[in-house]
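Text of the file entry31.cif, holding mmCIF, C-alpha atoms and all ligand atoms:
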```
data_model
#
loop_
_atom_site.label_atom_id
_atom_site.label_comp_id
_atom_site.auth_asym_id
_atom_site.auth_seq_id
_atom_site.Cartn_x
_atom_site.Cartn_y
_atom_site.Cartn_z
CA MET A 1 45.06 -18.32 -34.59
CA SER A 2 47.94 -18.69 -32.22
CA ALA A 3 50.17 -21.75 -31.94
CA ARG A 4 50.19 -24.25 -29.14
CA ILE A 5 53.40 -23.66 -27.17
CA LEU A 6 55.37 -26.88 -26.69
CA GLU A 7 56.95 -26.26 -23.28
CA GLY A 8 60.26 -28.07 -22.93
CA SER A 9 59.78 -28.45 -19.19
CA VAL A 10 56.61 -30.56 -19.64
CA PHE A 11 58.30 -33.10 -21.90
CA ALA A 12 61.66 -32.99 -20.12
CA ARG A 13 59.84 -33.94 -16.92
CA GLN A 14 58.49 -37.08 -18.58
CA PHE A 15 61.90 -38.07 -20.00
CA ARG A 16 63.51 -37.52 -16.61
CA ASP A 17 60.84 -39.51 -14.77
CA ASP A 18 61.46 -42.42 -17.11
CA ALA A 19 65.25 -42.14 -16.70
CA GLY A 20 64.87 -41.92 -12.92
CA ARG A 21 62.66 -45.00 -12.80
CA ARG A 22 65.12 -47.04 -14.88
CA ALA A 23 68.07 -45.75 -12.81
CA GLY A 24 66.16 -47.01 -9.74
CA VAL A 25 65.82 -50.49 -11.27
CA LEU A 26 69.55 -50.59 -12.04
CA ARG A 27 70.37 -49.53 -8.49
CA GLU A 28 67.93 -51.73 -6.60
CA THR A 29 68.07 -54.86 -8.74
CA TYR A 30 71.67 -54.83 -9.89
CA GLY A 31 73.51 -52.47 -7.51
CA ILE A 32 74.56 -50.27 -10.42
CA THR A 33 74.57 -46.47 -10.13
CA PRO A 34 74.68 -44.97 -13.65
CA GLY A 35 77.62 -42.57 -13.99
CA LEU A 36 78.36 -39.71 -16.40
CA ALA A 37 81.66 -37.92 -16.99
CA VAL A 38 81.66 -34.57 -18.76
CA ILE A 39 85.00 -33.20 -19.97
CA ILE A 40 85.22 -29.45 -20.51
CA VAL A 41 88.40 -28.03 -22.00
CA GLY A 42 88.94 -24.32 -21.37
CA SER A 43 86.08 -22.03 -20.46
CA ASN A 44 83.02 -21.03 -22.46
CA PRO A 45 80.07 -19.33 -20.75
CA ALA A 46 77.42 -21.17 -22.83
CA SER A 47 79.01 -24.52 -22.04
CA GLU A 48 78.94 -23.68 -18.36
CA VAL A 49 75.14 -23.19 -18.38
CA TYR A 50 74.70 -26.53 -20.06
CA VAL A 51 77.06 -28.33 -17.70
CA ARG A 52 75.33 -26.81 -14.68
CA ASN A 53 71.86 -27.90 -15.90
CA LYS A 54 73.15 -31.38 -16.62
CA HIS A 55 74.76 -31.70 -13.19
CA LYS A 56 71.50 -30.66 -11.48
CA ALA A 57 69.56 -33.24 -13.52
CA CYS A 58 72.00 -36.01 -12.52
CA GLU A 59 71.70 -35.11 -8.85
CA GLU A 60 67.91 -35.16 -8.99
CA LEU A 61 67.87 -38.66 -10.51
CA GLY A 62 70.63 -40.20 -8.41
CA ILE A 63 73.01 -40.45 -11.36
CA TYR A 64 76.68 -40.19 -10.44
CA SER A 65 78.25 -37.24 -12.24
CA GLU A 66 81.83 -36.11 -12.63
CA VAL A 67 82.85 -32.87 -14.31
CA ILE A 68 86.43 -32.91 -15.55
CA ALA A 69 87.65 -29.38 -16.21
CA MET A 70 90.87 -29.27 -18.21
CA PRO A 71 92.86 -26.08 -18.92
CA GLU A 72 92.57 -24.15 -22.18
CA GLU A 73 96.09 -25.22 -23.27
CA THR A 74 95.40 -28.98 -22.90
CA THR A 75 97.05 -30.99 -25.67
CA LYS A 76 95.35 -33.60 -27.80
CA GLU A 77 97.47 -36.30 -26.16
CA GLN A 78 96.42 -35.24 -22.66
CA LEU A 79 92.77 -35.25 -23.62
CA LEU A 80 93.02 -38.65 -25.32
CA ALA A 81 94.73 -40.06 -22.20
CA ARG A 82 91.87 -38.80 -20.03
CA ILE A 83 89.30 -40.41 -22.36
CA ASP A 84 91.23 -43.71 -22.23
CA GLU A 85 91.00 -43.69 -18.42
CA LEU A 86 87.26 -43.02 -18.48
CA ASN A 87 86.72 -45.74 -21.07
CA LEU A 88 88.18 -48.21 -18.54
CA ASN A 89 86.51 -46.72 -15.42
CA PRO A 90 83.65 -49.05 -14.37
CA ARG A 91 81.81 -46.28 -12.44
CA ILE A 92 81.46 -44.27 -15.66
CA HIS A 93 78.82 -45.43 -18.15
CA GLY A 94 78.65 -42.26 -20.23
CA ILE A 95 81.35 -39.87 -21.50
CA LEU A 96 80.67 -36.49 -23.07
CA VAL A 97 83.36 -34.13 -24.38
CA GLN A 98 81.81 -30.67 -24.40
CA LEU A 99 81.97 -28.93 -27.78
CA PRO A 100 83.27 -26.63 -29.13
CA LEU A 101 86.86 -27.50 -28.26
CA PRO A 102 89.49 -24.73 -27.98
CA ASP A 103 91.18 -23.74 -31.24
CA GLN A 104 94.46 -25.66 -30.82
CA ILE A 105 92.65 -29.03 -30.60
CA ALA A 106 89.45 -28.26 -32.54
CA ALA A 107 91.11 -29.58 -35.71
CA HIS A 108 91.40 -32.98 -33.99
CA GLU A 109 87.77 -33.12 -32.95
CA ALA A 110 87.00 -36.28 -34.95
CA GLU A 111 90.00 -38.17 -33.56
CA ILE A 112 89.03 -37.13 -30.03
CA LEU A 113 85.36 -38.13 -30.34
CA ASN A 114 86.34 -41.41 -32.02
CA ARG A 115 88.42 -42.32 -28.98
CA ILE A 116 85.31 -42.59 -26.77
CA ASP A 117 84.14 -46.19 -26.35
CA PRO A 118 80.96 -46.34 -28.52
CA ALA A 119 79.20 -48.09 -25.60
CA LYS A 120 79.84 -44.96 -23.46
CA ASP A 121 79.20 -42.41 -26.23
CA VAL A 122 76.11 -40.73 -24.72
CA ASP A 123 76.30 -37.90 -27.30
CA GLY A 124 75.91 -40.47 -30.10
CA PHE A 125 78.66 -38.75 -32.10
CA HIS A 126 80.96 -41.78 -32.59
CA PRO A 127 80.91 -43.11 -36.20
CA VAL A 128 79.77 -46.51 -34.90
CA ASN A 129 76.66 -44.95 -33.37
CA VAL A 130 76.14 -42.74 -36.43
CA GLY A 131 76.24 -45.89 -38.56
CA ARG A 132 73.73 -47.64 -36.31
CA LEU A 133 71.37 -44.68 -36.59
CA VAL A 134 71.63 -44.69 -40.38
CA THR A 135 71.04 -48.44 -40.68
CA GLY A 136 68.38 -48.56 -37.96
CA GLU A 137 70.28 -50.75 -35.48
CA PRO A 138 69.87 -49.96 -31.78
CA GLY A 139 72.52 -47.53 -30.47
CA LEU A 140 73.03 -44.23 -28.69
CA VAL A 141 71.31 -41.36 -30.52
CA PRO A 142 72.28 -37.64 -30.24
CA CYS A 143 70.29 -36.07 -27.39
CA THR A 144 68.89 -32.98 -29.10
CA PRO A 145 67.31 -34.64 -32.15
CA ALA A 146 66.18 -37.64 -30.10
CA GLY A 147 64.48 -35.29 -27.63
CA CYS A 148 62.72 -33.38 -30.43
CA ILE A 149 61.28 -36.56 -31.96
CA ARG A 150 60.08 -37.89 -28.60
CA MET A 151 58.49 -34.52 -27.84
CA LEU A 152 56.64 -34.46 -31.17
CA GLU A 153 55.35 -37.99 -30.54
CA LEU A 154 54.22 -37.20 -27.00
CA ALA A 155 52.57 -34.00 -28.27
CA GLY A 156 50.59 -36.06 -30.79
CA VAL A 157 52.13 -34.42 -33.86
CA PRO A 158 51.83 -36.93 -36.73
CA LEU A 159 55.11 -37.81 -38.48
CA ASP A 160 54.19 -40.77 -40.69
CA GLY A 161 53.81 -39.59 -44.29
CA GLN A 162 54.26 -35.94 -43.31
CA ARG A 163 56.58 -33.47 -45.01
CA ALA A 164 59.46 -32.55 -42.71
CA VAL A 165 62.02 -29.88 -43.53
CA VAL A 166 65.22 -29.53 -41.51
CA ILE A 167 67.18 -26.31 -41.90
CA GLY A 168 70.81 -27.09 -41.05
CA ARG A 169 73.06 -30.07 -41.82
CA SER A 170 75.31 -30.39 -38.78
CA ASN A 171 76.48 -33.78 -37.54
CA ILE A 172 75.02 -32.93 -34.13
CA VAL A 173 71.49 -31.95 -35.11
CA GLY A 174 70.60 -31.74 -38.82
CA LYS A 175 71.89 -35.10 -40.05
CA PRO A 176 70.68 -37.22 -37.12
CA MET A 177 67.31 -35.43 -37.28
CA LEU A 178 67.03 -36.46 -40.94
CA HIS A 179 67.48 -40.13 -40.03
CA LEU A 180 65.15 -40.06 -37.03
CA LEU A 181 62.39 -38.41 -39.06
CA LEU A 182 62.95 -40.88 -41.89
CA ALA A 183 62.68 -43.77 -39.42
CA LYS A 184 59.25 -42.36 -38.48
CA ASN A 185 58.23 -42.46 -42.15
CA ALA A 186 58.32 -38.71 -42.73
CA THR A 187 59.35 -37.34 -46.13
CA VAL A 188 62.43 -35.34 -45.26
CA THR A 189 64.22 -32.45 -46.95
CA ILE A 190 67.40 -30.84 -45.63
CA CYS A 191 68.05 -27.17 -46.42
CA HIS A 192 71.38 -25.42 -45.90
CA SER A 193 73.41 -22.38 -46.92
CA HIS A 194 73.55 -23.42 -50.59
CA THR A 195 69.83 -24.21 -50.90
CA ARG A 196 67.94 -22.22 -53.51
CA ASN A 197 64.37 -21.11 -52.69
CA LEU A 198 64.76 -22.07 -49.06
CA ALA A 199 61.69 -20.14 -47.98
CA SER A 200 59.40 -21.90 -50.46
CA ILE A 201 60.75 -25.33 -49.42
CA ALA A 202 60.29 -24.48 -45.75
CA ARG A 203 56.72 -23.42 -46.48
CA GLU A 204 55.89 -26.96 -47.62
CA ALA A 205 56.78 -28.42 -44.23
CA ASP A 206 54.25 -29.95 -41.86
CA ILE A 207 57.18 -30.22 -39.44
CA LEU A 208 59.83 -27.52 -39.67
CA VAL A 209 63.05 -27.93 -37.70
CA ALA A 210 65.38 -24.93 -37.45
CA ALA A 211 69.01 -25.72 -36.59
CA VAL A 212 71.02 -23.10 -38.45
CA GLY A 213 72.54 -21.06 -35.65
CA ARG A 214 71.26 -17.74 -37.00
CA PRO A 215 69.08 -15.65 -34.71
CA ARG A 216 65.40 -15.42 -35.81
CA PHE A 217 66.24 -16.84 -39.25
CA VAL A 218 62.80 -18.44 -39.72
CA THR A 219 60.12 -15.81 -40.24
CA ALA A 220 56.34 -16.17 -40.54
CA ASP A 221 56.38 -16.10 -44.36
CA MET A 222 58.49 -19.33 -44.32
CA VAL A 223 55.93 -21.32 -42.32
CA LYS A 224 52.88 -23.22 -43.56
CA PRO A 225 49.78 -22.39 -41.49
CA GLY A 226 49.35 -25.03 -38.80
CA ALA A 227 52.90 -26.47 -39.09
CA ALA A 228 54.80 -27.76 -36.06
CA VAL A 229 57.93 -25.62 -35.66
CA VAL A 230 60.86 -26.94 -33.63
CA ASP A 231 63.50 -24.36 -32.75
CA VAL A 232 66.88 -25.90 -31.99
CA GLY A 233 68.76 -22.57 -32.06
CA ILE A 234 70.43 -21.06 -29.01
CA ASN A 235 71.75 -17.61 -29.95
CA ARG A 236 72.96 -15.22 -27.28
CA ILE A 237 72.25 -11.78 -28.74
CA ALA A 238 73.03 -9.89 -25.52
CA PRO A 239 74.52 -10.93 -22.17
CA LYS A 240 71.11 -12.00 -20.84
CA LYS A 241 69.09 -12.33 -24.04
CA LEU A 242 68.77 -15.75 -25.66
CA VAL A 243 66.85 -16.22 -28.92
CA GLY A 244 66.30 -19.19 -31.18
CA ASP A 245 66.60 -19.64 -34.94
CA VAL A 246 62.87 -18.85 -35.22
CA ASP A 247 61.28 -15.44 -34.95
CA PHE A 248 58.95 -16.64 -32.22
CA GLU A 249 56.59 -13.67 -32.01
CA SER A 250 55.67 -13.65 -35.70
CA VAL A 251 55.81 -17.42 -36.30
CA ARG A 252 53.54 -18.25 -33.37
CA GLU A 253 50.71 -16.48 -35.21
CA VAL A 254 51.01 -18.89 -38.17
CA ALA A 255 52.26 -22.20 -36.75
CA GLY A 256 50.08 -24.88 -35.17
CA ALA A 257 52.68 -25.68 -32.53
CA ILE A 258 56.03 -24.10 -31.64
CA THR A 259 58.88 -24.58 -29.14
CA PRO A 260 60.11 -21.48 -27.28
CA VAL A 261 63.75 -20.46 -26.62
CA PRO A 262 64.72 -20.61 -23.83
CA GLY A 263 62.47 -23.19 -22.24
CA GLY A 264 62.17 -25.47 -25.27
CA VAL A 265 64.57 -27.87 -26.92
CA GLY A 266 67.49 -27.06 -24.56
CA LEU A 267 65.59 -28.63 -21.69
CA LEU A 268 64.85 -31.74 -23.77
CA THR A 269 68.54 -32.12 -24.57
CA VAL A 270 69.52 -32.32 -20.92
CA ALA A 271 66.70 -34.75 -20.11
CA MET A 272 67.57 -36.99 -23.08
CA LEU A 273 71.17 -37.06 -21.91
CA MET A 274 69.94 -38.60 -18.66
CA GLN A 275 68.09 -41.24 -20.68
CA ASN A 276 71.21 -41.96 -22.72
CA VAL A 277 73.33 -42.40 -19.57
CA VAL A 278 70.77 -44.86 -18.19
CA GLN A 279 70.54 -46.64 -21.55
CA ALA A 280 74.35 -46.91 -21.70
CA ALA A 281 74.41 -48.39 -18.18
CA GLU A 282 71.67 -50.88 -19.10
CA MET A 283 73.52 -51.97 -22.26
CA GLN A 284 76.83 -52.32 -20.42
CA ARG A 285 75.18 -54.48 -17.76
CA LYS A 286 73.78 -56.85 -20.40
CA LYS A 287 77.18 -57.07 -22.14
CA ALA A 288 79.15 -57.65 -18.91
N1 LIG B 301 79.32 -32.74 -26.58
C1 LIG B 301 78.32 -31.86 -26.52
N2 LIG B 301 77.04 -32.28 -26.40
C2 LIG B 301 76.02 -31.38 -26.33
O1 LIG B 301 74.84 -31.79 -26.22
C3 LIG B 301 76.31 -29.98 -26.34
C4 LIG B 301 77.66 -29.60 -26.48
N3 LIG B 301 78.63 -30.56 -26.57
N4 LIG B 301 78.00 -28.30 -26.54
C5 LIG B 301 77.03 -27.24 -26.40
C6 LIG B 301 75.67 -27.68 -26.86
C7 LIG B 301 74.57 -26.79 -26.33
N5 LIG B 301 73.80 -27.60 -25.43
C8 LIG B 301 72.81 -27.10 -24.59
C9 LIG B 301 71.92 -27.92 -23.94
C10 LIG B 301 70.96 -27.43 -23.08
C11 LIG B 301 70.83 -26.08 -22.83
C12 LIG B 301 69.80 -25.60 -21.90
O2 LIG B 301 69.58 -26.17 -20.85
N6 LIG B 301 69.09 -24.51 -22.23
C13 LIG B 301 68.08 -23.93 -21.38
C14 LIG B 301 68.65 -22.78 -20.54
C15 LIG B 301 69.34 -21.74 -21.37
C16 LIG B 301 69.85 -20.55 -20.57
O3 LIG B 301 69.18 -20.11 -19.62
O4 LIG B 301 70.93 -20.04 -20.94
C17 LIG B 301 66.93 -23.45 -22.25
O5 LIG B 301 67.09 -23.44 -23.49
O6 LIG B 301 65.89 -23.11 -21.71
C18 LIG B 301 71.70 -25.22 -23.47
C19 LIG B 301 72.67 -25.73 -24.33
C20 LIG B 301 74.30 -28.86 -25.44
N7 LIG B 301 75.35 -28.98 -26.25
#
```

Could you rewrite the structure in this file as structure tokens?
Ligand SMILES: Nc1nc(=O)c2c([nH]1)NC[C@@H]1CN(c3ccc(C(=O)N[C@@H](CCC(=O)O)C(=O)O)cc3)C=[N+]21
Amino acid sequence: MSARILEGSVFARQFRDDAGRRAGVLRETYGITPGLAVIIVGSNPASEVYVRNKHKACEELGIYSEVIAMPEETTKEQLLARIDELNLNPRIHGILVQLPLPDQIAAHEAEILNRIDPAKDVDGFHPVNVGRLVTGEPGLVPCTPAGCIRMLELAGVPLDGQRAVVIGRSNIVGKPMLHLLLAKNATVTICHSHTRNLASIAREADILVAAVGRPRFVTADMVKPGAAVVDVGINRIAPKKLVGDVDFESVREVAGAITPVPGGVGLLTVAMLMQNVVQAAEMQRKKA
């Protein structure tokens, strides 16, 4: 048996079509063009790929997009001042500060992210949006986990009552994924670096999400036959070689469905960001 390949491009296309349609309504009915500002501090080759893909997606959907490149030596105060301006800028409905930040301001990451107006927080990283996710109130949800859940639903993978195991406990992927799966009535377990018997826990999963940041960490022996395997990893192991957190070639022989890297979750992330920008613009219109 060989797994069904869940192509990111197929699902990303559907998310983008939906975002484009809603952006059209905002434009034609209300004269609002959704706008996104991305702040990049310093240079990081991986970040540049992401920012380029995002910019292309905005152009295709008629979303206004501004990339604000700040020098490596930017101070916390300078960055906060830039965020304050964007918070007040009526053309900008979504603000994203590209992570990771350079070393001298990385320690202030929380303070920086908390400065973004929660209504414009299209990454869903602000504590107000995190709280809404945990309590089940409507809010902006982190793009990567939100995209994975929507993909699984569109692919017809059942979640209700299923065992889901998430490997990784980051604020960006692991923790929001836990809450989104829980909201779909899955039984969720989080595994991390201190977990004992990780492989045997992973093997119980009907849905296995890998977000550990270790190349090919998930091997075939850790996967239940027929499971849906979602690979959130993006590991550059050579200048032009990208691999996920899942050993794709061996796991595809065991899994029922699997996302590739590249061409999987990364594409969903960009498409979900477009949806979040449109959602932010819709919410700001209703509040105004
Ligand atoms: N505030 C913030 N929000 C983020 O969402 C965020 C971030 N910072 N920092 C970096 C990570 C990483 N990330 C990616 C998204 C899409 C691709 C992507 O489009 N990948 C394609 C192409 C990969 C390639 O060719 O290199 C693929 O997987 O097929 C990659 C990376 C968003 N991130």

- request: Please write out the residues within 7 Å of ligand LIG 301 (chain B) as a PyMOL selection string, counting all atoms listed in the file.
  value: chain A and resi 46-47+49-50+53+96-100+123+143-144+234+242+261-267+269-270

Atoms to include: C-alpha atoms. Write the selected residues as a short mmCIF file (atom, residue, chain, number, x, y, z; two decimals), in the coordinates of the input.
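selection_27.cif written:
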```cif
data_model
loop_
_atom_site.label_atom_id
_atom_site.label_comp_id
_atom_site.auth_asym_id
_atom_site.auth_seq_id
_atom_site.Cartn_x
_atom_site.Cartn_y
_atom_site.Cartn_z
CA ALA A 46 77.42 -21.17 -22.83
CA SER A 47 79.01 -24.52 -22.04
CA VAL A 49 75.14 -23.19 -18.38
CA TYR A 50 74.70 -26.53 -20.06
CA ASN A 53 71.86 -27.90 -15.90
CA LEU A 96 80.67 -36.49 -23.07
CA VAL A 97 83.36 -34.13 -24.38
CA GLN A 98 81.81 -30.67 -24.40
CA LEU A 99 81.97 -28.93 -27.78
CA PRO A 100 83.27 -26.63 -29.13
CA ASP A 123 76.30 -37.90 -27.30
CA CYS A 143 70.29 -36.07 -27.39
CA THR A 144 68.89 -32.98 -29.10
CA ILE A 234 70.43 -21.06 -29.01
CA LEU A 242 68.77 -15.75 -25.66
CA VAL A 261 63.75 -20.46 -26.62
CA PRO A 262 64.72 -20.61 -23.83
CA GLY A 263 62.47 -23.19 -22.24
CA GLY A 264 62.17 -25.47 -25.27
CA VAL A 265 64.57 -27.87 -26.92
CA GLY A 266 67.49 -27.06 -24.56
CA LEU A 267 65.59 -28.63 -21.69
CA THR A 269 68.54 -32.12 -24.57
CA VAL A 270 69.52 -32.32 -20.92
#
```

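Distances from A:Lys241, A:Val38, A:Gly20, A:His126 to Ile63 (chain A) were compared using all atoms listed in the file, and the smallest one belongs to A:Gly20.
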
task: Extract, using only C-alpha atoms, all DNA, RNA and protein residues at most 9 Å from Pro260 (chain A), discarding same-chain residues fewer than 2 positions from it, and format them as a list in words.
output: Ile5, Leu6, Glu7, Gly8, Val230, Asp231, Val243, Gly244, Val246, Phe248, Ile258, Pro262, Gly263, Gly264 and Val265 of chain A

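In this comparison, which uses all atoms listed in the file, the residue of A:Val67, A:Cys58, A:Val209, A:Ala107 approaching Ala19 (chain A) most closely is A:Cys58.
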
- request: Could you please determine the separation between CA of Lys184 (chain A) and CA of Gly161 (chain A) in Å, to one decimal place?
  value: 8.4 Å

- prompt: Rounded to one decimal in Å, what is the spacing between CA of Lys120 (chain A) and CA of Ala280 (chain A)?
  reply: 6.1 Å

message: Taking 2 positions as the minimum chain separation for residues in the same chain, which residues sit within 10 Å of region 102-105 of chain A when counting all atoms listed in the file? Answer as number ranges by chain.
response: A: 40-44, 71-77, 79, 99-100, 107-109, 111-112

Keeping only C-alpha atoms, write those residues as a PDB file, keeping the file's coordinate frame.
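again.pdb, freshly written:
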```pdb
ATOM      1  CA  ILE A  40      85.220 -29.450 -20.510  1.00  0.00           C
ATOM      2  CA  VAL A  41      88.400 -28.030 -22.000  1.00  0.00           C
ATOM      3  CA  GLY A  42      88.940 -24.320 -21.370  1.00  0.00           C
ATOM      4  CA  SER A  43      86.080 -22.030 -20.460  1.00  0.00           C
ATOM      5  CA  ASN A  44      83.020 -21.030 -22.460  1.00  0.00           C
ATOM      6  CA  PRO A  71      92.860 -26.080 -18.920  1.00  0.00           C
ATOM      7  CA  GLU A  72      92.570 -24.150 -22.180  1.00  0.00           C
ATOM      8  CA  GLU A  73      96.090 -25.220 -23.270  1.00  0.00           C
ATOM      9  CA  THR A  74      95.400 -28.980 -22.900  1.00  0.00           C
ATOM     10  CA  THR A  75      97.050 -30.990 -25.670  1.00  0.00           C
ATOM     11  CA  LYS A  76      95.350 -33.600 -27.800  1.00  0.00           C
ATOM     12  CA  GLU A  77      97.470 -36.300 -26.160  1.00  0.00           C
ATOM     13  CA  LEU A  79      92.770 -35.250 -23.620  1.00  0.00           C
ATOM     14  CA  LEU A  99      81.970 -28.930 -27.780  1.00  0.00           C
ATOM     15  CA  PRO A 100      83.270 -26.630 -29.130  1.00  0.00           C
ATOM     16  CA  ALA A 107      91.110 -29.580 -35.710  1.00  0.00           C
ATOM     17  CA  HIS A 108      91.400 -32.980 -33.990  1.00  0.00           C
ATOM     18  CA  GLU A 109      87.770 -33.120 -32.950  1.00  0.00           C
ATOM     19  CA  GLU A 111      90.000 -38.170 -33.560  1.00  0.00           C
ATOM     20  CA  ILE A 112      89.030 -37.130 -30.030  1.00  0.00           C
TER      21      ILE A 112
END
```

task: Starting from the point (78.7, -53.0, -17.3), work out which residues of protein, DNA or RNA have an atom no more than 12 Å away when counting all atoms listed in the file; state them as a list in words.
output: Leu26, Tyr30, Gly31, Ile32, Thr33, Pro34, Gly35, Asn87, Leu88, Asn89, Pro90, Arg91, Ile92, His93, Gly94, Ala119, Lys120, Val278, Gln279, Ala280, Ala281, Glu282, Met283, Gln284, Arg285, Lys286, Lys287 and Ala288 of chain A

message: Ranking A:Ser170, A:Thr189, A:Asn114, A:Thr219 by minimum distance to Val251 (chain A) and counting only C-alpha atoms, which one comes first?
response: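 Counting only C-alpha atoms, the residue closest to Val251 (chain A) is A:Thr219.
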
message: Quick one: residues within 12 Å of Val128 (chain A), all atoms listed in the file, excluding same-chain residues fewer than 6 positions away - as a PyMOL selection string?
response: chain A and resi 113-121+134-141

- request: Just give me the gap between CA of Val277 (chain A) and CA of Leu61 (chain A) in Å, one decimal is fine.
  value: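 If I compute the distance from CA of Val277 (chain A) to CA of Leu61 (chain A), I get 11.2 Å.
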
- request: Point out the residue among A:Val173, A:Ala3, A:Leu80, A:Ala155 with the least atom-to-atom distance to Gly124 (chain A), counting only C-alpha atoms.
  value: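 Of all the options, A:Val173 lies closest to Gly124 (chain A).
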
message: Neighbouring residues of Ser193 (chain A) were defined as those with any atom within 9 Å, considering all atoms listed in the file; residues of the same chain fewer than 5 positions away were excluded. Please report them as a list in words.
response: Ile167, Gly168, Leu198 and Val212 of chain A

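Distance check against Gly213 (chain A) using only C-alpha atoms: of A:Ala227, A:Leu273, A:Ile201, A:Val232, the minimum falls on A:Val232.
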
message: From the options A:Asn276, A:Pro145, A:Ile207, A:Glu59, which residue's atoms come nearest to Leu159 (chain A), counting all atoms listed in the file?
response: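 When distances to Leu159 (chain A) are compared using all atoms listed in the file, the smallest one comes from A:Ile207.
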
- request: Compile the contact shell of Arg4 (chain A) as a PyMOL selection string: residues with an atom at most 9 Å away, counting all atoms listed in the file, same-chain residues fewer than 4 positions apart removed.
  value: chain A and resi 252+255-259
